[in-house]
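Asker: File follows, entry-v7.cif with mmCIF, C-alpha atoms:
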```
data_model
#
loop_
_atom_site.label_atom_id
_atom_site.label_comp_id
_atom_site.auth_asym_id
_atom_site.auth_seq_id
_atom_site.Cartn_x
_atom_site.Cartn_y
_atom_site.Cartn_z
CA MET X 947 -3.11 -79.30 49.54
CA HIS X 948 -2.42 -76.66 46.99
CA ARG X 949 -4.54 -76.31 43.90
CA THR X 950 -4.78 -73.72 41.21
CA LYS X 951 -7.80 -71.50 41.09
CA VAL X 952 -10.42 -72.69 38.70
CA ARG X 953 -10.86 -70.16 35.95
CA VAL X 954 -14.46 -69.57 34.94
CA ALA X 955 -15.07 -68.63 31.35
CA VAL X 956 -17.61 -65.85 31.22
CA ASP X 957 -19.62 -64.46 28.37
CA ALA X 958 -19.99 -67.86 26.76
CA LEU X 959 -21.01 -67.35 23.16
CA ASP X 960 -23.07 -69.52 20.94
CA ALA X 961 -21.16 -71.11 18.09
CA ASN X 962 -22.35 -68.57 15.53
CA GLU X 963 -21.19 -65.64 17.64
CA THR X 964 -17.82 -67.29 18.25
CA ILE X 965 -17.25 -67.80 14.53
CA ALA X 966 -18.55 -64.31 13.70
CA ARG X 967 -15.87 -62.89 16.04
CA ALA X 968 -13.22 -64.98 14.30
CA ASN X 969 -14.38 -63.64 10.94
CA ARG X 970 -14.31 -60.14 12.36
CA ASP X 971 -10.73 -60.60 13.55
CA ASP X 972 -9.73 -61.66 10.04
CA PHE X 973 -11.49 -58.66 8.50
CA ASP X 974 -9.86 -56.30 11.00
CA ARG X 975 -6.38 -57.73 10.39
CA ALA X 976 -6.87 -57.19 6.65
CA GLY X 977 -8.30 -53.71 7.20
CA VAL X 978 -11.49 -54.61 5.34
CA ALA X 979 -14.88 -53.12 6.25
CA VAL X 980 -17.78 -55.53 5.79
CA VAL X 981 -21.44 -54.92 5.11
CA ASN X 982 -24.15 -57.59 5.30
CA MET X 983 -26.81 -56.71 2.71
CA MET X 984 -30.22 -58.28 3.13
CA SER X 985 -33.69 -58.11 1.55
CA ALA X 986 -36.66 -60.12 0.35
CA PRO X 987 -36.19 -61.87 -3.02
CA GLY X 988 -36.11 -59.43 -5.92
CA ALA X 989 -35.89 -56.18 -3.93
CA GLY X 990 -32.92 -55.03 -6.00
CA LYS X 991 -29.78 -55.79 -3.95
CA THR X 992 -27.67 -56.84 -6.91
CA THR X 993 -28.68 -53.91 -9.11
CA LEU X 994 -27.91 -51.43 -6.32
CA LEU X 995 -24.58 -53.16 -5.84
CA GLU X 996 -23.84 -52.84 -9.55
CA ARG X 997 -24.59 -49.10 -9.36
CA ALA X 998 -22.28 -48.73 -6.35
CA ILE X 999 -19.44 -50.59 -8.04
CA GLN X 1000 -19.87 -48.65 -11.28
CA GLY X 1001 -19.57 -45.34 -9.40
CA ALA X 1002 -16.87 -46.33 -6.92
CA GLN X 1003 -13.88 -44.00 -7.05
CA ARG X 1004 -10.86 -45.23 -5.10
CA LEU X 1005 -12.86 -47.71 -3.00
CA ARG X 1006 -11.88 -51.28 -3.84
CA ILE X 1007 -15.04 -53.38 -3.43
CA GLY X 1008 -15.25 -57.15 -3.23
CA VAL X 1009 -18.46 -59.18 -3.16
CA LEU X 1010 -19.50 -62.42 -1.49
CA GLU X 1011 -22.71 -63.67 -3.12
CA GLY X 1012 -25.01 -65.83 -1.03
CA ASP X 1013 -27.60 -67.90 -2.89
CA VAL X 1014 -29.38 -71.18 -2.33
CA GLN X 1015 -28.04 -72.28 -5.68
CA GLY X 1016 -26.73 -70.91 -8.95
CA SER X 1017 -24.46 -67.95 -9.60
CA LEU X 1018 -26.66 -65.54 -11.57
CA ASP X 1019 -25.87 -62.53 -9.38
CA ALA X 1020 -22.16 -63.35 -9.10
CA ASP X 1021 -21.98 -63.56 -12.90
CA ARG X 1022 -23.53 -60.09 -13.14
CA ILE X 1023 -21.04 -58.66 -10.63
CA ALA X 1024 -18.09 -60.38 -12.32
CA HIS X 1025 -18.77 -58.35 -15.46
CA LEU X 1026 -17.78 -55.27 -13.45
CA HIS X 1027 -14.26 -56.62 -12.89
CA VAL X 1028 -14.35 -56.77 -9.11
CA PRO X 1029 -13.47 -59.89 -7.10
CA VAL X 1030 -16.63 -61.90 -6.47
CA THR X 1031 -17.00 -65.17 -4.58
CA GLN X 1032 -20.08 -67.40 -4.82
CA LEU X 1033 -21.36 -69.06 -1.65
CA ASN X 1034 -24.19 -71.54 -2.25
CA THR X 1035 -26.16 -72.79 0.73
CA ASP X 1036 -27.53 -75.76 -1.21
CA PRO X 1037 -24.72 -78.26 -1.77
CA GLY X 1038 -22.89 -78.09 1.54
CA PHE X 1039 -25.39 -76.51 3.87
CA GLY X 1040 -28.74 -78.19 3.15
CA GLY X 1041 -30.38 -75.39 1.21
CA GLU X 1042 -30.32 -72.93 4.08
CA CYS X 1043 -32.41 -69.75 3.71
CA HIS X 1044 -29.71 -67.49 5.15
CA LEU X 1045 -25.98 -67.09 5.59
CA ASP X 1046 -24.44 -67.70 8.99
CA ALA X 1047 -20.95 -66.99 10.30
CA ASN X 1048 -19.72 -70.50 9.57
CA MET X 1049 -20.81 -70.40 5.93
CA VAL X 1050 -19.09 -67.05 5.50
CA ARG X 1051 -15.98 -68.44 7.19
CA SER X 1052 -15.94 -71.38 4.80
CA ALA X 1053 -15.82 -68.93 1.89
CA LEU X 1054 -13.07 -66.67 3.25
CA PRO X 1055 -10.15 -68.58 1.67
CA GLU X 1056 -11.68 -67.60 -1.69
CA VAL X 1057 -12.07 -63.91 -0.79
CA PRO X 1058 -8.96 -61.80 -1.62
CA LEU X 1059 -9.12 -59.65 1.53
CA SER X 1060 -5.72 -58.08 0.88
CA ASP X 1061 -6.92 -56.62 -2.43
CA ILE X 1062 -10.09 -54.87 -1.19
CA ASP X 1063 -11.22 -52.14 1.21
CA LEU X 1064 -14.85 -53.17 1.47
CA LEU X 1065 -16.54 -56.56 1.32
CA VAL X 1066 -20.24 -56.59 0.53
CA ILE X 1067 -21.93 -59.83 1.56
CA GLU X 1068 -25.16 -60.23 -0.39
CA ASN X 1069 -27.31 -62.50 1.76
CA VAL X 1070 -29.98 -64.96 0.58
CA GLY X 1071 -33.24 -63.17 -0.27
CA ASN X 1072 -35.33 -63.60 2.90
CA LEU X 1073 -36.81 -61.21 5.47
CA VAL X 1074 -36.67 -63.60 8.43
CA CYS X 1075 -33.62 -65.73 9.24
CA PRO X 1076 -30.73 -63.66 7.80
CA ALA X 1077 -31.39 -61.07 10.52
CA GLU X 1078 -30.75 -63.71 13.21
CA PHE X 1079 -27.13 -64.46 12.27
CA ARG X 1080 -24.22 -62.06 12.62
CA VAL X 1081 -21.40 -62.99 10.26
CA GLY X 1082 -18.69 -60.63 11.51
CA GLU X 1083 -19.89 -57.56 9.62
CA ASP X 1084 -19.45 -53.89 10.54
CA ALA X 1085 -22.91 -52.92 9.33
CA ARG X 1086 -26.16 -54.58 8.42
CA ILE X 1087 -28.34 -52.97 5.80
CA MET X 1088 -31.46 -53.95 3.94
CA VAL X 1089 -33.27 -53.13 0.74
CA ALA X 1090 -37.06 -52.89 0.88
CA SER X 1091 -38.85 -52.62 -2.46
CA VAL X 1092 -41.93 -50.39 -2.40
CA ALA X 1093 -43.63 -53.06 -4.53
CA GLU X 1094 -43.69 -55.28 -1.43
CA GLY X 1095 -46.18 -52.97 0.25
CA ASP X 1096 -45.99 -50.52 3.14
CA ASP X 1097 -46.79 -53.04 5.92
CA LYS X 1098 -43.63 -55.14 5.80
CA PRO X 1099 -41.80 -53.47 8.76
CA LEU X 1100 -44.70 -54.55 10.99
CA LYS X 1101 -44.68 -58.11 9.66
CA TYR X 1102 -40.89 -58.64 9.67
CA PRO X 1103 -39.77 -56.30 12.48
CA LEU X 1104 -36.60 -58.18 13.42
CA MET X 1105 -35.11 -57.56 9.98
CA PHE X 1106 -36.00 -53.88 9.93
CA ARG X 1107 -34.73 -53.51 13.51
CA ALA X 1108 -31.41 -55.22 12.76
CA CYS X 1109 -30.35 -52.78 10.04
CA GLU X 1110 -28.81 -49.33 10.35
CA LEU X 1111 -29.52 -48.37 6.74
CA ILE X 1112 -32.80 -49.21 5.04
CA ILE X 1113 -32.86 -48.50 1.32
CA VAL X 1114 -36.45 -48.05 0.13
CA ASN X 1115 -35.97 -49.10 -3.46
CA LYS X 1116 -37.96 -48.89 -6.71
CA VAL X 1117 -39.60 -45.60 -5.72
CA ASP X 1118 -40.10 -44.98 -9.45
CA LEU X 1119 -42.95 -47.52 -9.20
CA LEU X 1120 -44.88 -45.54 -6.56
CA PRO X 1121 -47.26 -43.85 -9.06
CA HIS X 1122 -48.36 -47.32 -10.17
CA LEU X 1123 -48.84 -48.88 -6.72
CA ASP X 1124 -51.38 -48.62 -3.90
CA VAL X 1125 -48.51 -48.01 -1.52
CA ASP X 1126 -48.08 -44.98 0.73
CA LEU X 1127 -44.40 -44.02 1.08
CA ASP X 1128 -45.12 -41.93 4.20
CA ARG X 1129 -46.83 -44.90 5.84
CA LEU X 1130 -43.93 -47.18 4.89
CA VAL X 1131 -41.44 -44.73 6.44
CA ALA X 1132 -43.62 -44.38 9.56
CA ASN X 1133 -43.79 -48.16 9.88
CA VAL X 1134 -39.99 -48.43 9.60
CA GLU X 1135 -39.59 -45.73 12.27
CA ALA X 1136 -42.09 -47.52 14.52
CA VAL X 1137 -39.85 -50.60 14.71
CA ASN X 1138 -36.46 -48.88 14.25
CA PRO X 1139 -36.38 -45.18 15.20
CA THR X 1140 -32.62 -44.80 14.59
CA ALA X 1141 -32.29 -46.34 11.13
CA ARG X 1142 -31.32 -44.15 8.22
CA ILE X 1143 -34.00 -44.46 5.55
CA LEU X 1144 -32.89 -43.81 1.98
CA PRO X 1145 -35.50 -43.68 -0.82
CA CYS X 1146 -33.85 -44.94 -3.97
CA SER X 1147 -34.42 -46.01 -7.53
CA ALA X 1148 -31.73 -47.98 -9.28
CA LYS X 1149 -33.69 -47.24 -12.46
CA THR X 1150 -33.90 -43.42 -12.35
CA GLY X 1151 -30.77 -42.96 -10.23
CA GLU X 1152 -32.63 -41.29 -7.35
CA GLY X 1153 -30.71 -41.85 -4.11
CA VAL X 1154 -27.91 -43.77 -5.80
CA ASP X 1155 -25.25 -41.13 -5.05
CA ALA X 1156 -26.22 -41.12 -1.38
CA TRP X 1157 -25.98 -44.91 -1.35
CA ARG X 1158 -22.48 -44.77 -2.89
CA GLU X 1159 -21.42 -42.16 -0.33
CA TRP X 1160 -22.72 -44.27 2.54
CA LEU X 1161 -20.67 -47.23 1.29
CA ALA X 1162 -17.58 -45.09 0.67
CA ARG X 1163 -17.64 -43.78 4.23
CA LEU X 1164 -18.06 -47.20 5.86
CA PRO X 1165 -14.33 -48.16 5.99
CA GLU X 1166 -13.52 -44.95 7.87
CA ARG X 1167 -16.45 -45.42 10.26
CA ALA X 1168 -15.55 -49.06 10.83
CA ALA X 1169 -11.94 -48.16 11.67
CA ALA X 1170 -12.94 -45.46 14.17
CA PRO X 1171 -12.91 -46.47 17.87
CA ALA X 1172 -16.43 -47.27 19.05
CA MET F 126 -38.59 -121.80 22.30
CA HIS F 127 -41.44 -120.02 20.59
CA ARG F 128 -41.26 -116.38 19.82
CA THR F 129 -43.43 -114.07 17.78
CA LYS F 130 -42.13 -112.76 14.53
CA VAL F 131 -40.59 -109.33 14.85
CA ARG F 132 -42.59 -106.84 12.83
CA VAL F 133 -40.50 -104.35 10.97
CA ALA F 134 -42.02 -100.93 10.42
CA VAL F 135 -41.33 -99.84 6.88
CA ASP F 136 -41.63 -96.47 5.25
CA ALA F 137 -40.52 -94.69 8.39
CA LEU F 138 -41.52 -91.08 8.12
CA ASP F 139 -39.88 -88.05 9.55
CA ALA F 140 -41.88 -86.30 12.23
CA ASN F 141 -43.14 -83.59 9.89
CA GLU F 142 -44.49 -86.12 7.40
CA THR F 143 -46.17 -88.11 10.19
CA ILE F 144 -47.95 -85.01 11.48
CA ALA F 145 -48.83 -83.86 7.96
CA ARG F 146 -50.60 -87.21 7.43
CA ALA F 147 -52.50 -86.74 10.70
CA ASN F 148 -53.58 -83.28 9.55
CA ARG F 149 -54.59 -84.73 6.22
CA ASP F 150 -56.74 -87.38 7.93
CA ASP F 151 -58.54 -84.65 9.87
CA PHE F 152 -59.12 -82.63 6.71
CA ASP F 153 -60.42 -85.70 4.87
CA ARG F 154 -62.80 -86.64 7.69
CA ALA F 155 -64.21 -83.11 7.61
CA GLY F 156 -64.40 -83.12 3.80
CA VAL F 157 -62.26 -79.99 3.59
CA ALA F 158 -59.84 -79.35 0.70
CA VAL F 159 -56.67 -77.57 1.71
CA VAL F 160 -54.31 -75.33 -0.24
CA ASN F 161 -50.90 -74.18 0.97
CA MET F 162 -50.28 -70.70 -0.51
CA MET F 163 -46.69 -69.48 -0.60
CA SER F 164 -44.68 -66.54 -1.94
CA ALA F 165 -41.95 -64.04 -1.19
CA PRO F 166 -42.95 -61.15 1.12
CA GLY F 167 -45.31 -58.72 -0.56
CA ALA F 168 -46.09 -60.74 -3.69
CA GLY F 169 -49.83 -60.28 -3.13
CA LYS F 170 -51.12 -63.48 -1.49
CA THR F 171 -53.56 -61.72 0.82
CA THR F 172 -55.00 -59.44 -1.86
CA LEU F 173 -55.54 -62.40 -4.21
CA LEU F 174 -57.21 -64.24 -1.37
CA GLU F 175 -59.49 -61.26 -0.74
CA ARG F 176 -60.48 -61.27 -4.41
CA ALA F 177 -61.21 -65.01 -4.27
CA ILE F 178 -63.35 -64.67 -1.16
CA GLN F 179 -65.23 -61.68 -2.54
CA GLY F 180 -66.14 -63.65 -5.67
CA ALA F 181 -66.80 -67.02 -4.07
CA GLN F 182 -70.26 -68.36 -4.88
CA ARG F 183 -71.28 -71.39 -2.84
CA LEU F 184 -67.73 -72.26 -1.81
CA ARG F 185 -67.25 -71.77 1.95
CA ILE F 186 -63.65 -70.63 2.43
CA GLY F 187 -61.72 -70.55 5.69
CA VAL F 188 -58.25 -69.07 6.14
CA LEU F 189 -55.26 -69.95 8.33
CA GLU F 190 -52.86 -67.01 8.37
CA GLY F 191 -49.19 -67.76 9.02
CA ASP F 192 -47.00 -64.85 10.08
CA VAL F 193 -43.90 -64.40 12.18
CA GLN F 194 -45.88 -61.95 14.27
CA GLY F 195 -48.89 -59.67 14.12
CA SER F 196 -52.28 -60.25 12.54
CA LEU F 197 -52.43 -57.61 9.78
CA ASP F 198 -53.49 -60.05 7.07
CA ALA F 199 -55.93 -61.92 9.31
CA ASP F 200 -57.57 -58.61 10.18
CA ARG F 201 -58.00 -57.85 6.48
CA ILE F 202 -59.56 -61.27 5.82
CA ALA F 203 -61.84 -61.01 8.87
CA HIS F 204 -63.51 -57.99 7.27
CA LEU F 205 -64.83 -60.36 4.60
CA HIS F 206 -66.79 -62.40 7.19
CA VAL F 207 -65.06 -65.71 6.67
CA PRO F 208 -63.53 -67.75 9.49
CA VAL F 209 -59.86 -66.82 9.88
CA THR F 210 -57.32 -68.18 12.34
CA GLN F 211 -53.98 -66.49 13.09
CA LEU F 212 -50.91 -68.67 13.52
CA ASN F 213 -47.81 -66.76 14.66
CA THR F 214 -44.44 -68.48 14.47
CA ASP F 215 -42.86 -65.99 16.86
CA PRO F 216 -44.20 -66.64 20.37
CA GLY F 217 -44.34 -70.41 20.45
CA PHE F 218 -42.09 -71.46 17.61
CA GLY F 219 -38.98 -69.26 17.82
CA GLY F 220 -39.75 -66.91 14.96
CA GLU F 221 -39.69 -69.60 12.30
CA CYS F 222 -39.60 -68.49 8.65
CA HIS F 223 -42.14 -71.09 7.51
CA LEU F 224 -45.09 -73.17 8.66
CA ASP F 225 -44.62 -76.87 9.29
CA ALA F 226 -47.14 -79.62 9.91
CA ASN F 227 -46.86 -79.35 13.69
CA MET F 228 -47.57 -75.63 13.73
CA VAL F 229 -50.62 -76.16 11.52
CA ARG F 230 -51.74 -79.01 13.79
CA SER F 231 -51.48 -76.74 16.83
CA ALA F 232 -53.88 -74.32 15.16
CA LEU F 233 -56.49 -76.86 14.06
CA PRO F 234 -58.61 -76.67 17.25
CA GLU F 235 -59.24 -73.03 16.26
CA VAL F 236 -60.20 -73.83 12.67
CA PRO F 237 -63.94 -74.59 12.21
CA LEU F 238 -63.47 -77.42 9.72
CA SER F 239 -67.14 -78.43 9.83
CA ASP F 240 -68.21 -75.00 8.56
CA ILE F 241 -65.97 -74.77 5.48
CA ASP F 242 -65.30 -76.53 2.17
CA LEU F 243 -61.85 -75.11 1.53
CA LEU F 244 -59.06 -74.05 3.88
CA VAL F 245 -56.45 -71.70 2.49
CA ILE F 246 -53.22 -71.71 4.51
CA GLU F 247 -51.30 -68.51 3.83
CA ASN F 248 -47.70 -69.35 4.62
CA VAL F 249 -44.97 -67.00 5.89
CA GLY F 250 -43.55 -64.88 3.06
CA ASN F 251 -40.38 -66.75 2.07
CA LEU F 252 -39.20 -68.50 -1.11
CA VAL F 253 -37.00 -71.08 0.61
CA CYS F 254 -38.13 -73.07 3.66
CA PRO F 255 -41.94 -73.18 3.24
CA ALA F 256 -41.43 -75.44 0.21
CA GLU F 257 -39.65 -78.00 2.40
CA PHE F 258 -42.55 -78.74 4.74
CA ARG F 259 -45.80 -80.48 3.76
CA VAL F 260 -48.59 -79.58 6.15
CA GLY F 261 -51.29 -82.02 4.97
CA GLU F 262 -52.48 -79.93 2.02
CA ASP F 263 -54.08 -81.11 -1.21
CA ALA F 264 -52.28 -78.54 -3.33
CA ARG F 265 -49.35 -76.19 -3.06
CA ILE F 266 -49.45 -72.96 -5.00
CA MET F 267 -47.31 -69.86 -5.11
CA VAL F 268 -47.59 -66.23 -6.09
CA ALA F 269 -44.62 -64.67 -7.92
CA SER F 270 -44.73 -60.91 -8.35
CA VAL F 271 -43.28 -59.69 -11.64
CA ALA F 272 -41.63 -56.89 -9.62
CA GLU F 273 -39.28 -59.53 -8.16
CA GLY F 274 -37.65 -60.02 -11.57
CA ASP F 275 -37.68 -62.82 -14.14
CA ASP F 276 -34.76 -64.82 -12.67
CA LYS F 277 -36.38 -66.03 -9.45
CA PRO F 278 -37.33 -69.56 -10.65
CA LEU F 279 -33.63 -70.21 -11.26
CA LYS F 280 -32.61 -68.88 -7.85
CA TYR F 281 -35.36 -70.55 -5.79
CA PRO F 282 -36.12 -73.66 -7.88
CA LEU F 283 -37.40 -75.84 -5.02
CA MET F 284 -40.30 -73.44 -4.39
CA PHE F 285 -41.24 -73.18 -8.06
CA ARG F 286 -40.92 -76.95 -8.42
CA ALA F 287 -43.10 -77.69 -5.39
CA CYS F 288 -46.16 -75.85 -6.69
CA GLU F 289 -48.79 -76.99 -9.17
CA LEU F 290 -50.16 -73.49 -9.75
CA ILE F 291 -47.91 -70.45 -10.10
CA ILE F 292 -49.74 -67.14 -10.16
CA VAL F 293 -47.60 -64.51 -11.86
CA ASN F 294 -49.01 -61.45 -10.14
CA LYS F 295 -48.89 -57.68 -10.63
CA VAL F 296 -48.65 -57.98 -14.43
CA ASP F 297 -50.10 -54.45 -14.57
CA LEU F 298 -46.60 -53.28 -13.53
CA LEU F 299 -44.86 -54.87 -16.54
CA PRO F 300 -44.77 -51.65 -18.64
CA HIS F 301 -42.81 -50.01 -15.80
CA LEU F 302 -40.30 -52.82 -15.18
CA ASP F 303 -37.24 -54.21 -16.94
CA VAL F 304 -38.78 -57.64 -16.67
CA ASP F 305 -39.52 -59.97 -19.56
CA LEU F 306 -42.70 -62.00 -18.95
CA ASP F 307 -41.77 -64.55 -21.62
CA ARG F 308 -38.40 -65.10 -19.96
CA LEU F 309 -40.08 -65.46 -16.54
CA VAL F 310 -42.49 -68.06 -17.95
CA ALA F 311 -39.61 -69.88 -19.68
CA ASN F 312 -37.65 -69.92 -16.41
CA VAL F 313 -40.66 -71.36 -14.54
CA GLU F 314 -41.06 -74.04 -17.22
CA ALA F 315 -37.36 -74.85 -17.03
CA VAL F 316 -37.67 -75.88 -13.37
CA ASN F 317 -41.31 -77.06 -13.43
CA PRO F 318 -42.62 -78.13 -16.84
CA THR F 319 -46.01 -79.27 -15.52
CA ALA F 320 -47.05 -76.26 -13.44
CA ARG F 321 -50.00 -74.19 -14.52
CA ILE F 322 -48.86 -70.59 -14.94
CA LEU F 323 -51.53 -67.94 -14.47
CA PRO F 324 -50.71 -64.28 -15.22
CA CYS F 325 -52.75 -62.15 -12.89
CA SER F 326 -53.32 -58.66 -11.59
CA ALA F 327 -55.31 -58.21 -8.41
CA LYS F 328 -55.42 -54.52 -9.37
CA THR F 329 -56.90 -54.72 -12.89
CA GLY F 330 -58.69 -58.01 -12.34
CA GLU F 331 -56.77 -59.84 -15.08
CA GLY F 332 -56.68 -63.56 -14.31
CA VAL F 333 -58.75 -63.21 -11.14
CA ASP F 334 -61.71 -65.18 -12.51
CA ALA F 335 -59.41 -68.04 -13.53
CA TRP F 336 -57.89 -67.99 -10.03
CA ARG F 337 -61.37 -68.19 -8.45
CA GLU F 338 -62.31 -71.06 -10.76
CA TRP F 339 -59.13 -72.95 -9.89
CA LEU F 340 -59.96 -72.63 -6.17
CA ALA F 341 -63.62 -73.54 -6.69
CA ARG F 342 -62.66 -76.76 -8.48
CA LEU F 343 -60.13 -77.87 -5.85
CA PRO F 344 -62.59 -79.60 -3.46
CA GLU F 345 -63.88 -81.81 -6.29
CA ARG F 346 -60.35 -82.59 -7.49
CA ALA F 347 -59.21 -83.34 -3.95
CA ALA F 348 -62.12 -85.76 -3.39
CA ALA F 349 -61.50 -87.68 -6.63
CA PRO F 350 -59.53 -90.94 -6.32
CA ALA F 351 -55.89 -90.38 -7.30
#
```
Let me see the structure of the file written as structure tokens.

Answerer:
Amino acid sequence: MHRTKVRVAVDALDANETIARANRDDFDRAGVAVVNMMSAPGAGKTTLLERAIQGAQRLRIGVLEGDVQGSLDADRIAHLHVPVTQLNTDPGFGGECHLDANMVRSALPEVPLSDIDLLVIENVGNLVCPAEFRVGEDARIMVASVAEGDDKPLKYPLMFRACELIIVNKVDLLPHLDVDLDRLVANVEAVNPTARILPCSAKTGEGVDAWREWLARLPERAAAPA
Amino acid sequence: MHRTKVRVAVDALDANETIARANRDDFDRAGVAVVNMMSAPGAGKTTLLERAIQGAQRLRIGVLEGDVQGSLDADRIAHLHVPVTQLNTDPGFGGECHLDANMVRSALPEVPLSDIDLLVIENVGNLVCPAEFRVGEDARIMVASVAEGDDKPLKYPLMFRACELIIVNKVDLLPHLDVDLDRLVANVEAVNPTARILPCSAKTGEGVDAWREWLARLPERAAAPA
């Protein structure tokens, strides 16, 4: 008796990875590069994003704001006249401490992909779980405030390991802190030897141009064959 | 035909609440008051705890250190010659971003309850999930660093609402920040009108005596009938 050969699906993905790939397909079709921006609460993600938007030349930036609740950061970004979409984890998702691919997917109908070159997804402020969920992004980056101390890479290594760019922010505060920038950099390198480390101060402007350039180059890098 | 009356269990608890009550019974039997100390990463929990231990008079303090991995904070506390137990969420618990009652219960055999009056549980640095899990404590408190900005109570209201004492730490940095202490206090009061708010600087010592006194009075408050 004839029978067809049973096809075996390989490389079975977990649900998050499956949805992240679907997001990625949508981003690729629209020609939009995507960055997943993470940090502890209050490290300065939104302010750095404001600086990047204010100095963007031809790059058309859109923002997806992840928060447990409220829209404080989205309201700030909206003042800069770029498309911004608020994604709250509280009402529909049980107050989750991170974004996952499915939450991002649920927001995509409200993101005008055809009008932007770069989508910045500002994750919920948290150094643990956001690093565990890909959302379909081209790059993962984080902001570490020097005010958090120089030991954080050793305490939250998964986050520091997951990111290709680590912005060490608020360096203007260093004279007032018992924090050793060299030790912080060494601790980052101990858990992630290949990350680019960018000292920055949204207040004084130190490092802000380099941050803008990194963002501006992402669409080209994302489009290049791996 | 005779049959016994079916007894209906009321007030069914979720598993975390059941285990938290079991922890609480153990703490009560040992006469130990317990505080669950929470914050974002790098807000200064461990340093404030060091200051409290250094100034403790007759109060015998023990510490349970919650971290995703590593024992940096426990090592610091151990230098002060108080009993300290490390609880890592990484190896056994999947890298969880918070402590729950079951994790605390798993650590209790290593906590010398009969030798202490007060157990301080230092939670994982995170402003979201730790607030969702009671662990059998008498009091929940948090440390908010002014360097995190004055908007955090509005973005993470559950955490600020869950705590009866909110230490506003690193106030020595205020002259160097675009942060309004009055606005921060108003935002705390907006989400938690009954919390005690204690401005503090582990660096200059401001507020540290009041913090020690609050801790010293907890065992008596915990023993008093509700």

Asker: Which of these residues is nearest to X:Glu1135, using only C-alpha atoms: X:Leu1100, X:Val1050, X:Ile965, X:Leu1045?

Answerer: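 Using only C-alpha atoms, X:Glu1135 sits closest to X:Leu1100.
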
Asker: Using only C-alpha atoms, what does the table of chain F residues within 10 Å of chain X look like, with each row giving the shortest atom pair and its distance in Å to one decimal, sorted by chain and ascending number, as a Markdown table?

Answerer:
```
| residue | atom | partner | partner_atom | distance |
| --- | --- | --- | --- | --- |
| F:Ser164 | CA | X:Pro987 | CA | 9.7 |
| F:Ala165 | CA | X:Pro987 | CA | 6.4 |
| F:Pro166 | CA | X:Ala986 | CA | 6.4 |
| F:Gly167 | CA | X:Glu1094 | CA | 3.9 |
| F:Ala168 | CA | X:Glu1094 | CA | 6.4 |
| F:Gly169 | CA | X:Glu1094 | CA | 8.1 |
| F:Asp192 | CA | X:Lys1101 | CA | 7.1 |
| F:Val193 | CA | X:Lys1101 | CA | 6.8 |
| F:Gln194 | CA | X:Lys1101 | CA | 6.1 |
| F:Gly195 | CA | X:Lys1101 | CA | 6.3 |
| F:Ser196 | CA | X:Lys1101 | CA | 8.4 |
| F:Leu197 | CA | X:Lys1101 | CA | 7.8 |
| F:Asp198 | CA | X:Lys1101 | CA | 9.4 |
| F:Gly220 | CA | X:Val1074 | CA | 7.9 |
| F:Glu221 | CA | X:Val1074 | CA | 7.8 |
| F:Cys222 | CA | X:Val1074 | CA | 5.7 |
| F:His223 | CA | X:Val1074 | CA | 9.3 |
| F:Val249 | CA | X:Val1074 | CA | 9.3 |
| F:Gly250 | CA | X:Leu1073 | CA | 8.0 |
| F:Asn251 | CA | X:Asn1072 | CA | 6.0 |
| F:Leu252 | CA | X:Asn1072 | CA | 7.4 |
| F:Val253 | CA | X:Cys1043 | CA | 5.7 |
| F:Cys254 | CA | X:Cys1043 | CA | 6.6 |
| F:Glu257 | CA | X:Gly1041 | CA | 9.7 |
| F:Ser270 | CA | X:Ala1093 | CA | 8.8 |
| F:Val271 | CA | X:Gly988 | CA | 9.2 |
| F:Ala272 | CA | X:Ala1093 | CA | 6.7 |
| F:Glu273 | CA | X:Gly988 | CA | 3.9 |
| F:Gly274 | CA | X:Gly988 | CA | 5.9 |
| F:Asp275 | CA | X:Gly988 | CA | 9.0 |
| F:Asp276 | CA | X:Leu1018 | CA | 8.2 |
| F:Lys277 | CA | X:Gly988 | CA | 7.5 |
| F:Leu279 | CA | X:Gly1016 | CA | 7.3 |
| F:Lys280 | CA | X:Gln1015 | CA | 6.1 |
| F:Tyr281 | CA | X:Val1014 | CA | 6.9 |
| F:Pro282 | CA | X:Gln1015 | CA | 8.5 |
| F:Leu283 | CA | X:Gly1041 | CA | 9.4 |
| F:Lys295 | CA | X:Ala1093 | CA | 9.3 |
| F:Asp297 | CA | X:His1122 | CA | 8.6 |
| F:Leu298 | CA | X:His1122 | CA | 7.1 |
| F:His301 | CA | X:Leu1119 | CA | 7.1 |
| F:Leu302 | CA | X:Leu1119 | CA | 8.4 |
| F:Asp303 | CA | X:Lys1149 | CA | 9.0 |
| F:Lys328 | CA | X:Asp1124 | CA | 9.0 |
```

Asker: Record the distance separating atom CA of X:Val1030 and atom CA of X:Arg967, expressed in Å with one decimal.

Answerer: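 A separation of 22.5 Å between them.
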
Asker: List every protein, DNA or RNA residue that has at least one atom no more than 12 Å from (-61.6, -62.9, 1.9) in the file's coordinates, counting all atoms listed in the file, and write the result as a ChimeraX atom specification.

Answerer: /F:170-181,184-190,198-209,244-245,247,337

Asker: Return the single residue from X:Pro1171, X:Pro1139, X:Pro1145, X:Gly1151 that is closest to X:Ile1112, with distances computed using only C-alpha atoms.

Answerer: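 Comparing X:Pro1171, X:Pro1139, X:Pro1145, X:Gly1151 against X:Ile1112, the winner is X:Pro1145.
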
Asker: Using Å and a single decimal, report how far atom CA of X:Ile1087 sits from atom CA of X:Met983.

Answerer: 5.1 Å
